[in-house]
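Student: Sharing target.cif, mmCIF, C-alpha atoms and all ligand atoms:
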```
data_run
loop_
_atom_site.label_atom_id
_atom_site.label_comp_id
_atom_site.auth_asym_id
_atom_site.auth_seq_id
_atom_site.Cartn_x
_atom_site.Cartn_y
_atom_site.Cartn_z
CA MET A 2 165.11 160.28 95.15
CA GLY A 3 163.65 159.35 91.84
CA CYS A 4 162.21 156.07 90.77
CA PRO A 5 164.96 153.63 91.63
CA GLN A 6 166.47 151.86 88.71
CA ALA A 7 169.12 149.83 90.25
CA VAL A 8 170.90 147.75 87.72
CA VAL A 9 174.23 148.36 86.10
CA ARG A 10 173.68 148.80 82.42
CA PHE A 11 176.73 148.28 80.33
CA GLY A 12 176.60 149.72 76.86
CA GLY A 13 179.13 147.31 75.46
CA ALA A 14 181.90 144.97 76.20
CA GLU A 15 184.23 147.80 77.18
CA GLY A 16 181.88 149.09 79.84
CA ALA A 17 179.93 152.26 79.18
CA PRO A 18 179.02 154.68 81.96
CA VAL A 19 176.59 153.28 84.48
CA ASP A 20 173.13 154.72 84.82
CA THR A 21 172.20 154.95 88.48
CA GLY A 22 168.61 155.74 87.66
CA GLY A 23 168.79 159.44 88.32
CA ALA A 24 168.84 158.96 92.08
CA ALA A 25 172.41 160.08 92.60
CA PRO A 26 173.25 163.43 91.01
CA LEU A 27 176.77 162.54 90.11
CA PRO A 28 178.50 164.32 87.28
CA ALA A 29 180.28 162.15 84.80
CA LEU A 30 183.89 161.26 85.20
CA ALA A 31 184.22 160.83 81.50
CA ASP A 32 187.99 160.74 81.60
CA LEU A 33 187.84 157.40 83.34
CA ASP A 34 185.82 155.59 80.73
CA GLY A 35 187.61 152.47 79.72
CA TRP A 36 190.12 152.59 82.59
CA SER A 37 191.18 149.05 83.28
CA VAL A 38 194.13 147.02 84.45
CA ALA A 39 194.49 143.59 82.89
CA GLY A 40 196.45 140.60 84.08
CA GLU A 41 199.05 139.63 81.50
CA GLN A 42 199.87 136.05 82.40
CA PRO A 43 197.81 132.97 83.21
CA GLY A 44 196.92 132.84 86.88
CA ASP A 45 197.77 136.47 87.72
CA GLY A 46 194.42 136.65 89.50
CA VAL A 47 193.71 140.35 89.01
CA GLY A 48 190.24 141.19 90.31
CA ALA A 49 189.98 138.25 92.71
CA VAL A 50 191.07 140.48 95.60
CA GLY A 51 189.44 143.84 96.16
CA PRO A 52 191.63 146.79 95.26
CA ALA A 53 192.59 149.52 97.68
CA VAL A 54 192.35 153.18 96.69
CA ILE A 55 194.80 155.76 97.98
CA ALA A 56 192.55 158.67 98.66
CA ALA A 57 192.63 162.00 96.92
CA PRO A 58 189.97 164.66 96.48
CA SER A 59 189.77 163.91 92.79
CA PRO A 60 190.78 160.96 90.63
CA THR A 61 193.81 163.00 89.61
CA GLY A 62 196.18 162.10 92.38
CA ALA A 63 194.41 158.94 93.43
CA ALA A 64 196.14 155.62 92.97
CA VAL A 65 194.72 152.11 92.89
CA VAL A 66 196.58 149.25 94.52
CA VAL A 67 195.95 146.35 92.15
CA ALA A 68 196.57 142.90 93.62
CA ALA A 69 197.66 139.87 91.63
CA PRO A 70 198.20 137.20 94.30
CA GLY A 71 198.69 134.42 91.77
CA ALA A 72 201.33 136.19 89.69
CA GLU A 73 204.75 134.64 89.03
CA SER A 74 203.65 131.12 90.03
CA GLY A 75 202.17 132.23 93.33
CA ALA A 76 204.79 134.74 94.43
CA GLY A 77 202.19 137.45 93.90
CA LEU A 78 202.60 141.11 93.12
CA VAL A 79 200.83 144.40 93.65
CA ALA A 80 200.95 147.27 91.20
CA LEU A 81 200.09 150.90 91.91
CA HIS A 82 198.25 152.46 89.01
CA PRO A 83 197.17 156.11 88.92
CA LEU A 84 193.44 156.60 88.48
CA ASP A 85 193.89 159.71 86.41
CA ALA A 86 193.64 158.75 82.78
CA ASP A 87 191.52 156.60 80.59
CA GLY A 88 192.53 153.58 78.68
CA ALA A 89 193.46 150.01 79.25
CA ARG A 90 196.79 149.22 80.78
CA ALA A 91 198.79 146.13 81.61
CA LEU A 92 199.27 145.02 85.20
CA ARG A 93 203.05 145.26 85.22
CA ASP A 94 203.21 148.51 83.27
CA ALA A 95 202.92 150.47 86.52
CA PRO A 96 204.95 153.25 88.17
CA ALA A 97 205.35 151.08 91.28
CA LEU A 98 205.46 147.30 91.64
CA LEU A 99 206.03 145.11 94.69
CA ARG A 100 206.77 141.42 94.17
CA GLY A 101 206.56 138.60 96.68
CA GLY A 102 209.05 135.82 97.21
CA PRO A 103 208.37 132.25 96.06
CA GLY A 104 204.94 131.10 97.23
CA ALA A 105 204.26 134.30 99.19
CA GLY A 106 200.87 135.03 97.61
CA LEU A 107 201.60 138.73 97.95
CA GLY A 108 198.39 140.66 97.39
CA ALA A 109 195.99 138.14 98.97
CA ALA A 110 194.68 141.17 100.88
CA VAL A 111 195.26 144.89 100.55
CA ALA A 112 194.16 147.93 102.56
CA ALA A 113 194.92 151.63 102.29
CA ALA A 114 194.35 154.60 104.56
CA THR A 115 195.58 158.16 104.90
CA ASP A 116 197.25 159.20 108.13
CA ALA A 117 196.88 162.47 110.01
CA GLU A 118 199.73 164.03 108.01
CA GLY A 119 198.06 163.17 104.73
CA LEU A 120 200.43 160.35 103.86
CA GLY A 121 198.95 157.23 102.34
CA LEU A 122 199.74 153.93 104.00
CA VAL A 123 199.17 150.65 102.17
CA ALA A 124 199.17 147.21 103.80
CA VAL A 125 199.66 144.17 101.57
CA GLY A 126 199.20 140.66 102.92
CA ALA A 127 201.47 137.81 101.85
CA PRO A 128 199.98 134.82 103.71
CA GLY A 129 202.31 132.29 102.08
CA ALA A 130 205.22 134.16 103.66
CA ARG A 131 203.30 135.00 106.87
CA ALA A 132 204.02 138.69 106.36
CA VAL A 133 202.30 142.02 105.77
CA HIS A 134 204.21 144.60 103.76
CA LEU A 135 203.73 148.28 104.44
CA LEU A 136 204.15 151.03 101.85
CA LEU A 137 204.15 154.75 102.45
CA VAL A 138 202.69 156.37 99.36
CA GLU A 139 202.58 159.97 98.25
CA ALA A 140 200.28 160.26 95.28
CA GLY A 141 200.05 163.55 93.44
CA ALA A 142 199.31 164.77 89.97
CA GLY A 143 201.63 162.85 87.72
CA ALA A 144 203.83 161.60 90.55
CA LEU A 145 203.82 158.57 92.77
CA ARG A 146 206.40 158.19 95.53
CA VAL A 147 206.55 154.86 97.34
CA ASP A 148 208.69 153.95 100.35
CA GLU A 149 208.63 150.45 101.76
CA ARG A 150 208.64 150.11 105.52
CA PRO A 151 209.74 147.00 107.44
CA PRO A 152 207.03 144.33 107.19
CA ALA A 153 205.01 142.83 110.02
CA GLN A 154 205.76 139.12 110.42
CA SER A 155 204.33 136.24 112.40
CA GLN A 156 204.59 132.51 112.92
CA ARG A 157 200.82 132.27 112.45
CA ARG A 158 199.77 130.18 109.47
CA SER A 159 198.13 132.29 106.71
CA PHE A 160 199.04 135.53 108.50
CA GLY A 161 198.15 138.28 106.04
CA ALA A 162 195.04 136.66 104.53
CA ALA A 163 193.10 139.75 105.66
CA VAL A 164 194.33 143.24 106.59
CA ALA A 165 192.79 146.48 107.83
CA LEU A 166 194.23 149.93 108.51
CA ALA A 167 192.70 152.65 110.67
CA ASP A 168 193.32 154.60 113.84
CA LEU A 169 191.66 152.34 116.39
CA ASP A 170 192.95 153.76 119.69
CA GLY A 171 192.34 157.40 118.81
CA ASP A 172 195.95 158.65 119.01
CA GLY A 173 195.98 159.85 115.39
CA LEU A 174 198.38 157.15 114.17
CA LEU A 175 197.19 154.39 111.88
CA ASP A 176 196.97 150.93 113.42
CA LEU A 177 197.30 147.61 111.58
CA ALA A 178 195.02 144.59 112.04
CA VAL A 179 195.96 141.29 110.41
CA GLY A 180 194.01 138.04 110.12
CA ALA A 181 195.53 134.55 110.11
CA PRO A 182 192.38 132.43 109.64
CA GLU A 183 194.16 129.10 109.06
CA ASP A 184 196.28 129.25 112.18
CA ASP A 185 195.95 126.54 114.83
CA ALA A 186 193.90 124.05 112.80
CA GLY A 187 191.76 126.82 111.39
CA THR A 188 190.84 128.39 114.72
CA GLY A 189 192.30 131.60 113.39
CA THR A 190 193.76 134.69 114.99
CA VAL A 191 193.66 138.44 114.58
CA ALA A 192 196.68 140.53 115.56
CA LEU A 193 196.74 144.28 116.09
CA TRP A 194 199.72 146.61 116.05
CA LEU A 195 199.13 150.13 117.30
CA GLY A 196 201.02 152.96 115.63
CA ALA A 197 201.89 151.32 112.31
CA GLY A 198 201.55 154.56 110.35
CA GLY A 199 203.12 158.00 110.46
CA ALA A 200 206.64 159.25 109.96
CA GLY A 201 207.77 158.24 113.45
CA ALA A 202 206.07 154.84 113.47
CA LYS A 203 207.92 151.96 115.02
CA PRO A 204 209.14 149.21 112.69
CA LEU A 205 206.85 146.20 113.15
CA THR A 206 209.35 143.50 112.21
CA ASP A 207 210.18 141.40 115.29
CA GLN A 208 207.69 143.39 117.38
CA PRO A 209 204.99 141.31 119.03
CA PRO A 210 201.50 142.60 118.35
CA ASP A 211 199.84 144.82 120.93
CA LEU A 212 196.80 142.57 120.86
CA GLU A 213 196.15 139.05 119.64
CA LEU A 214 192.79 137.30 119.73
CA SER A 215 191.94 133.73 118.79
CA GLY A 216 188.82 131.99 117.56
CA GLU A 217 186.99 129.68 119.90
CA ALA A 218 187.14 126.36 118.06
CA GLU A 219 188.94 124.60 115.24
CA GLY A 220 187.55 125.66 111.91
CA ASP A 221 186.21 129.03 113.10
CA GLY A 222 188.57 130.79 110.72
CA LEU A 223 188.75 133.97 112.78
CA GLY A 224 190.39 136.70 110.75
CA SER A 225 188.98 135.63 107.37
CA ALA A 226 187.51 139.12 107.00
CA LEU A 227 188.16 142.46 108.68
CA ALA A 228 186.57 145.89 108.48
CA VAL A 229 187.04 149.17 110.31
CA ALA A 230 184.51 151.92 110.97
CA ASP A 231 182.84 153.63 113.91
CA LEU A 232 179.99 151.13 114.13
CA SER A 233 179.34 151.90 117.81
CA GLY A 234 178.79 155.60 117.14
CA ASP A 235 181.13 156.99 119.81
CA GLY A 236 183.44 158.76 117.36
CA LEU A 237 186.23 156.17 117.50
CA ASN A 238 186.86 153.52 114.87
CA ASP A 239 186.00 149.95 115.81
CA LEU A 240 187.33 146.68 114.40
CA LEU A 241 185.00 144.07 112.95
CA VAL A 242 186.57 140.58 112.97
CA CYS A 243 184.83 137.65 111.29
CA ALA A 244 184.86 133.87 111.75
CA PRO A 245 182.91 132.22 108.90
CA GLY A 246 183.22 128.74 110.40
CA TYR A 247 181.74 129.84 113.70
CA ASP A 248 179.03 127.68 115.19
CA ALA A 249 178.70 125.63 118.31
CA GLU A 250 177.11 122.81 116.33
CA GLU A 251 179.58 122.91 113.47
CA GLU A 252 177.17 124.16 110.87
CA ALA A 253 179.36 127.08 109.80
CA VAL A 254 176.75 129.79 110.15
CA GLY A 255 179.55 132.33 110.61
CA ALA A 256 179.82 135.35 112.87
CA CYS A 257 181.45 138.76 113.13
CA ALA A 258 182.45 140.35 116.42
CA LEU A 259 182.87 144.09 116.92
CA LEU A 260 185.78 145.23 119.07
CA GLY A 261 185.25 148.74 120.36
CA GLY A 262 188.04 151.17 119.55
CA GLY A 263 189.54 153.44 122.16
CA ALA A 264 192.57 153.95 124.37
CA ARG A 265 192.23 150.55 126.02
CA ILE A 266 191.75 148.37 122.95
CA ASP A 267 195.10 146.66 123.57
CA ASP A 268 193.87 145.52 127.00
CA LEU A 269 191.49 143.09 125.33
CA GLN A 270 192.49 139.48 125.98
CA GLY A 271 191.08 136.02 125.94
CA ASP A 272 187.64 134.97 124.85
CA LEU A 273 186.52 136.90 121.83
CA THR A 274 182.82 136.83 122.59
CA ASP A 275 183.48 138.25 126.06
CA GLN A 276 185.40 141.15 124.53
CA ALA A 277 183.03 142.03 121.73
CA ILE A 278 180.69 144.99 122.11
CA ALA A 279 178.49 143.55 119.37
CA PHE A 280 178.08 140.17 117.76
CA THR A 281 176.43 139.38 114.43
CA PHE A 282 175.81 135.75 113.50
CA GLY A 283 174.24 133.73 110.73
CA THR A 284 171.15 131.58 111.15
CA ALA A 285 171.38 129.12 108.24
CA ARG A 286 173.59 126.09 107.93
CA GLY A 287 176.60 126.80 105.73
CA LEU A 288 175.85 130.54 105.49
CA ARG A 289 179.50 131.36 106.35
CA LEU A 290 178.74 134.94 107.33
CA GLY A 291 181.93 136.99 107.22
CA ALA A 292 183.89 134.72 104.86
CA ALA A 293 185.65 137.52 102.97
CA SER A 294 186.40 141.20 103.44
CA ALA A 295 184.85 141.81 100.00
CA ARG A 296 181.49 140.87 101.52
CA LEU A 297 181.60 143.60 104.18
CA GLY A 298 180.49 147.16 103.48
CA VAL A 299 180.58 150.01 106.00
CA GLY A 300 179.44 153.61 105.70
CA ASP A 301 176.48 155.89 106.31
CA LEU A 302 174.09 154.57 103.69
CA ASP A 303 170.97 156.48 104.77
CA GLY A 304 172.64 159.77 105.67
CA ASP A 305 171.60 159.94 109.34
CA GLY A 306 175.19 160.40 110.52
CA ARG A 307 175.51 156.87 111.86
CA VAL A 308 177.63 154.20 110.19
CA ASP A 309 175.67 151.30 108.70
CA LEU A 310 176.86 147.74 108.03
CA ALA A 311 176.13 145.72 104.88
CA LEU A 312 176.90 142.02 104.63
CA GLY A 313 176.93 139.93 101.47
CA LEU A 314 175.76 136.34 101.98
CA PRO A 315 176.26 134.53 98.65
CA ASP A 316 175.62 131.13 100.24
CA ALA A 317 172.19 132.13 101.55
CA ASP A 318 169.04 130.44 100.23
CA ASP A 319 170.89 127.44 98.77
CA GLY A 320 173.30 129.62 96.84
CA ASP A 321 170.86 132.20 95.52
CA GLY A 322 172.53 134.66 97.83
CA ALA A 323 171.36 137.64 99.83
CA LEU A 324 172.39 141.01 101.08
CA VAL A 325 171.56 142.35 104.53
CA VAL A 326 171.97 145.81 106.08
CA PHE A 327 172.05 146.81 109.73
CA TYR A 328 171.43 150.54 110.09
CA GLY A 329 173.35 152.40 112.76
CA ASP A 330 170.33 154.07 114.37
CA ARG A 331 169.96 151.25 116.88
CA PRO A 332 172.79 150.14 119.13
CA PRO A 333 174.72 147.18 117.71
CA GLY A 334 174.17 144.29 120.11
CA VAL A 335 173.70 140.58 119.53
CA ARG A 336 171.85 140.11 116.27
CA SER A 337 171.43 137.69 113.39
CA ASP A 338 171.11 138.03 109.64
CA ALA A 339 167.40 137.24 110.04
CA THR A 340 166.90 140.38 112.15
CA ALA A 341 168.61 142.78 109.75
CA ASP A 342 166.87 146.07 108.95
CA LEU A 343 167.06 145.33 105.23
CA ILE A 344 167.15 141.88 103.65
CA VAL A 345 167.59 141.67 99.88
CA ARG A 346 167.17 138.29 98.24
CA GLY A 347 168.48 137.50 94.80
CA GLY A 348 169.96 134.79 92.65
CA GLY A 349 173.24 133.71 91.23
CA GLY A 350 175.12 134.10 94.48
CA LEU A 351 174.06 137.68 95.20
CA GLY A 352 176.38 139.20 97.76
CA GLN A 353 179.60 137.62 96.54
CA ALA A 354 180.87 141.18 96.87
CA VAL A 355 179.30 144.31 98.29
CA ALA A 356 180.34 147.96 98.34
CA LEU A 357 178.82 151.00 99.89
CA LEU A 358 178.99 154.67 98.98
CA PRO A 359 178.01 156.90 101.90
CA ALA A 360 175.27 159.47 101.52
CA LEU A 361 176.86 162.89 101.22
CA GLY A 362 175.72 166.44 100.61
CA GLY A 363 172.15 165.54 99.74
CA ARG A 364 173.18 162.67 97.50
CA ASP A 365 171.67 159.31 98.36
CA GLY A 366 173.91 156.57 99.57
CA LEU A 367 174.50 153.74 97.16
CA LEU A 368 174.78 150.02 97.79
CA ALA A 369 176.41 147.80 95.18
CA ALA A 370 176.17 144.04 95.17
CA ALA A 371 177.29 141.45 92.66
CA ALA A 372 175.97 138.10 91.60
CA PRO A 373 178.95 137.11 89.46
CA SER A 374 177.62 133.69 88.54
CA ARG A 375 174.75 135.45 86.75
CA GLY A 376 176.91 138.25 85.42
CA GLU A 377 174.92 140.82 87.38
CA VAL A 378 176.03 143.87 89.30
CA TRP A 379 173.24 145.71 91.10
CA LEU A 380 173.31 149.33 92.22
CA LEU A 381 170.72 150.09 94.88
CA PRO A 382 170.35 153.82 95.68
CA ALA A 383 168.93 154.40 99.18
CA PRO A 384 167.52 150.87 99.42
CA GLY A 385 165.54 151.45 102.62
CA ARG A 386 164.27 148.73 104.94
CA GLY A 387 162.25 145.55 104.88
CA VAL A 388 162.55 142.33 102.91
CA HIS A 389 162.75 142.61 99.14
CA ARG A 390 163.74 140.79 96.01
CA VAL A 391 166.65 142.57 94.37
CA GLU A 392 164.59 142.86 91.18
CA ALA A 393 161.92 144.75 93.12
CA LEU A 394 164.47 147.29 94.31
CA GLY A 395 165.90 147.49 90.83
CA GLY A 396 162.91 147.33 88.56
CA ALA A 397 164.94 147.81 85.40
CA PRO A 398 165.65 145.12 82.85
CA ARG A 399 168.85 143.44 83.74
CA SER A 400 171.76 143.49 81.43
CA THR A 401 173.71 140.34 80.96
CA LEU A 402 177.43 140.52 81.35
CA PRO A 403 179.66 137.63 80.28
CA VAL A 404 179.25 135.18 83.13
CA ASP A 405 182.64 133.61 82.55
CA ASP A 406 184.35 136.92 83.36
CA ARG A 407 182.98 136.72 86.93
CA ARG A 408 182.73 140.48 86.82
CA GLY A 409 181.88 141.88 90.23
CA SER A 410 183.70 139.21 92.24
CA THR A 411 185.11 142.21 94.06
CA LEU A 412 183.64 145.71 94.17
CA GLN A 413 184.74 149.07 95.43
CA LEU A 414 182.87 152.39 95.34
CA ARG A 415 184.72 155.66 95.76
CA ALA A 416 183.41 159.21 95.78
CA PHE A 417 185.42 162.12 94.42
CA ALA A 418 184.56 165.77 94.11
CA GLU A 419 183.64 165.20 90.47
CA GLY A 420 181.56 162.09 91.01
CA ALA A 421 181.86 158.46 91.97
CA VAL A 422 183.71 155.50 90.56
CA LEU A 423 182.83 151.83 90.72
CA LEU A 424 185.80 149.44 90.57
CA LEU A 425 184.88 145.96 89.43
CA GLY A 426 187.11 142.93 89.74
CA ALA A 427 186.70 140.42 86.93
CA PRO A 428 189.02 137.52 87.70
CA GLY A 429 187.58 135.40 84.91
CA VAL A 430 188.75 137.74 82.14
CA ALA A 431 191.24 135.68 80.18
CA ASP A 432 192.74 138.18 77.75
CA GLY A 433 196.12 137.54 79.39
CA GLY A 434 195.51 133.80 79.68
CA ALA A 435 193.32 131.64 81.92
CA GLY A 436 192.91 133.29 85.31
CA ALA A 437 194.78 136.46 84.34
CA GLY A 438 191.80 138.59 85.34
CA ALA A 439 191.13 142.31 85.13
CA LEU A 440 190.09 145.30 87.19
CA GLU A 441 187.79 147.86 85.58
CA ALA A 442 186.73 151.35 86.63
CA VAL A 443 183.32 152.66 85.67
CA ALA A 444 182.28 156.28 86.13
CA LEU A 445 178.82 156.60 87.66
CA THR A 446 176.60 159.17 86.01
CA GLY A 447 173.50 160.81 87.34
CA GLY A 448 171.46 160.05 84.25
CA CA B 1 196.35 154.59 116.54
CA CA B 2 183.32 153.24 117.96
CA CA B 3 173.27 155.51 108.75
#
```
For the structure just supplied, provide its representation as structure tokens.

Tutor:
Amino acid sequence: MGCPQAVVRFGGAEGAPVDTGGAAPLPALADLDGWSVAGEQPGDGVGAVGPAVIAAPSPTGAAVVVAAPGAESGAGLVALHPLDADGARALRDAPALLRGGPGAGLGAAVAAATDAEGLGLVAVGAPGARAVHLLLVEAGAGALRVDERPPAQSQRRSFGAAVALADLDGDGLLDLAVGAPEDDAGTGTVALWLGAGGAGAKPLTDQPPDLELSGEAEGDGLGSALAVADLSGDGLNDLLVCAPGYDAEEEAVGACALLGGGARIDDLQGDLTDQAIAFTFGTARGLRLGAASARLGVGDLDGDGRVDLALGLPDADDGDGALVVFYGDRPPGVRSDATADLIVRGGGGLGQAVALLPALGGRDGLLAAAAPSRGEVWLLPAPGRGVHRVEALGGAPRSTLPVDDRRGSTLQLRAFAEGAVLLLGAPGVADGGAGAGALEAVALTGG
């Protein structure tokens, strides 16, 4: 790689292409410049929840699930927007819209995955209605076909505050994991339904979950964040479940437990820590490790074929924030943020959101982290190991983005054949009124 220059440099208010310092030979996706989706009404909340991307080999055919959990006085809505043309667009001017009922908060969490038949499945949490809606999506050039499947429902309070989709038992069908972190006085639960995806999938409504796990104590908030990836390295996806209030002494250090995927995942019962194959916990009071799915990043960052885990810790160091990475070349056991392979310290709440682009075909992996209260978004190509200040990994003069926009509150990185795209949530953008928010796509260029 070249000399790392790791800061997002915006050429103007509209967002010019990002210079990744020459480390990532990514051709420009010029057609995407200026792509954005803006909230239109006060409180829409676009950009506060990370978007989901329905995969396609190129941006033509990809669709972005844009969440607006505060829309229509808290009913919430999600809009599917194609990622195939430039220009700014309005949230509701979309080929597909799903609206929640009164107070549902639809869009508080979204996830997307592609099943073995190539169909896209989207899960949308509506914690105010204790439901998760499922959409089958066929995205193609110029066409978007959406079929709604029966939702998953629960009596659990805040069910749908976090969602994840992946094949966890290895049968080829997508499985659905749902967090209800406020259930049972904030103890929190995570429910798993096997076989939620595919043409022959069972309807989940009125079906009890195949697995349900609870936190250990009131206030744990189990299910606040979820992620799926093969973090154990056995070829099967695993489920990472997080409890930001976790701590025996009530100091809310936070913890994430890894549940190993495989044919017997639905046999797991009882005490979470007994079931976990790995356990990652925080070491500072109030760190709240694992507080949001936007702070979890998974993927092979260093290109060794093993999945790595990045955690954003915006409450670290009295609110300066930090970013830690555990590389997958050592078995994931019991470990703390202080023993991470890479520790990046920053300011302004660094780690409020993180995203990871896997290394691929000789291209370095890329780690993105935001410090929205300073208006900074950092891009760290192949950041390595050790303890560093983020400025030391970056080295370039930092641009200043409008702090009030809270740009980077959520981040997503996606690679396409033509290059990579960074999606930035900016919930503070008020063009559509206070709290309307916006989601912006930026094409990454190789400089
Ligand atoms: Ca499955
Ligand atoms: Ca695994
Ligand atoms: Ca790796």

Student: Quick one, how far is atom CA of A:Gln208 from atom CA of A:Thr115?

Tutor: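 Result for atom CA of A:Gln208 versus atom CA of A:Thr115: 22.8 Å, one decimal.
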
Student: With only C-alpha atoms and all ligand atoms as the atoms that count, which of A:Leu357, A:Val47, A:Ala264, A:Ala76 lies nearest to ligand CA 3 (chain B)?

Tutor: A:Leu357

Student: Using all atoms listed in the file, can you tell me which of A:Arg336, A:Arg364, A:Arg331, A:Arg408 comes closest to ligand CA 3 (chain B)?

Tutor: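 Residue with the minimum atom-to-atom distance to ligand CA 3 (chain B): A:Arg331.
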
Student: Could you list, as a list of chain:residue names, all protein and nucleic acid residues with an atom at most 7 Å from ligand CA 1 (chain B), counting only C-alpha atoms and all ligand atoms?

Tutor: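 Answer in the requested format: A:Asp168, A:Leu169, A:Asp170, A:Gly171, A:Asp172, A:Gly173, A:Leu174, A:Leu175, A:Asp176, A:Leu195, A:Gly196.
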
Student: With distances taken over only C-alpha atoms and all ligand atoms, which of A:Ala421, A:Asp231, A:Thr281, A:Val242 is nearest to ligand CA 3 (chain B)?

Tutor: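 Closest to ligand CA 3 (chain B), using only C-alpha atoms and all ligand atoms: A:Asp231.
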
Student: Compute the set of protein, DNA and RNA residues whose minimum atom distance to ligand CA 2 (chain B) is at most 7 Å, using all atoms listed in the file, and state it as a list in words.

Tutor: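 Using all atoms listed in the file, I find these residues within 7 Å of ligand CA 2 (chain B): Asp231, Leu232, Ser233, Gly234, Asp235, Gly236, Leu237, Asn238, Asp239, Gly261 and Gly262 of chain A.
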
Student: Do you know which residues are at most 12 Å from A:Trp194 counting all atoms listed in the file, after dropping those on the same chain fewer than 3 positions away, and could you put them as number ranges by chain?

Tutor: A: 133, 152-155, 164-170, 174-180, 191, 197-198, 202-213, 266-267

Student: Output the neighbourhood of ligand CA 3 (chain B) as a PDB file with C-alpha atoms, in the coordinates of the input, that is, all protein and nucleic acid residues with some atom at most 9 Å from the ligand, counting only C-alpha atoms and all ligand atoms.

Tutor:
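As written to disk, selection.pdb reads:
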```pdb
ATOM      1  CA  GLY A 300     179.440 153.610 105.700  1.00  0.00           C
ATOM      2  CA  ASP A 301     176.480 155.890 106.310  1.00  0.00           C
ATOM      3  CA  LEU A 302     174.090 154.570 103.690  1.00  0.00           C
ATOM      4  CA  ASP A 303     170.970 156.480 104.770  1.00  0.00           C
ATOM      5  CA  GLY A 304     172.640 159.770 105.670  1.00  0.00           C
ATOM      6  CA  ASP A 305     171.600 159.940 109.340  1.00  0.00           C
ATOM      7  CA  GLY A 306     175.190 160.400 110.520  1.00  0.00           C
ATOM      8  CA  ARG A 307     175.510 156.870 111.860  1.00  0.00           C
ATOM      9  CA  VAL A 308     177.630 154.200 110.190  1.00  0.00           C
ATOM     10  CA  ASP A 309     175.670 151.300 108.700  1.00  0.00           C
ATOM     11  CA  LEU A 310     176.860 147.740 108.030  1.00  0.00           C
ATOM     12  CA  PHE A 327     172.050 146.810 109.730  1.00  0.00           C
ATOM     13  CA  TYR A 328     171.430 150.540 110.090  1.00  0.00           C
ATOM     14  CA  GLY A 329     173.350 152.400 112.760  1.00  0.00           C
ATOM     15  CA  ASP A 330     170.330 154.070 114.370  1.00  0.00           C
ATOM     16  CA  PRO A 359     178.010 156.900 101.900  1.00  0.00           C
ATOM     17  CA  ALA A 360     175.270 159.470 101.520  1.00  0.00           C
TER      18      ALA A 360
END
```

Student: Between A:Leu122, A:Ala393, A:Ala339, A:Ile278, which residue has the minimum interatomic distance to A:Val254, considering only C-alpha atoms?

Tutor: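 For A:Val254, the nearest of the given residues is A:Ala339.
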
Student: Hey, can you check how far atom CA of A:Ala97 sits from atom CA of A:Gly409?

Tutor: 25.2 Å

Student: How far is it from atom CA of A:Gly101 to atom CA of A:Ala130, in Å with one decimal?

Tutor: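 Taking atom CA of A:Gly101 and atom CA of A:Ala130, their separation equals 8.4 Å.
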
Student: Determine the axis-aligned bounding box of all atoms of stretch 293-309 of chain A present in the file, pad each side by 6 Å, and express its centre and edge lengths in Å to one decimal place as lines of an AutoDock Vina configuration file.

Tutor:
```
center_x = 178.7
center_y = 149.0
center_z = 105.9
size_x = 27.4
size_y = 34.9
size_z = 23.9
```

Student: I need the residue nearest A:Glu73 from this list: A:Arg100, A:Arg289, A:Arg146, A:Arg90. Use only C-alpha atoms for the distance.

Tutor: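 Closest to A:Glu73 of all the choices is A:Arg100.
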
Student: Choose the residue, out of A:Val138, A:Leu424, A:Leu241, A:Leu380, that has the smallest atom-to-atom separation from A:Leu412; count all atoms listed in the file.

Tutor: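 Of all the options, A:Leu424 lies closest to A:Leu412.
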
Student: Take the point (188.8, 148.5, 80.5) as written in the file and pick out every residue within 6 Å of it, counting all atoms listed in the file; give the list as a VMD selection string.

Tutor: chain A and resid 15 35 to 37 89 441
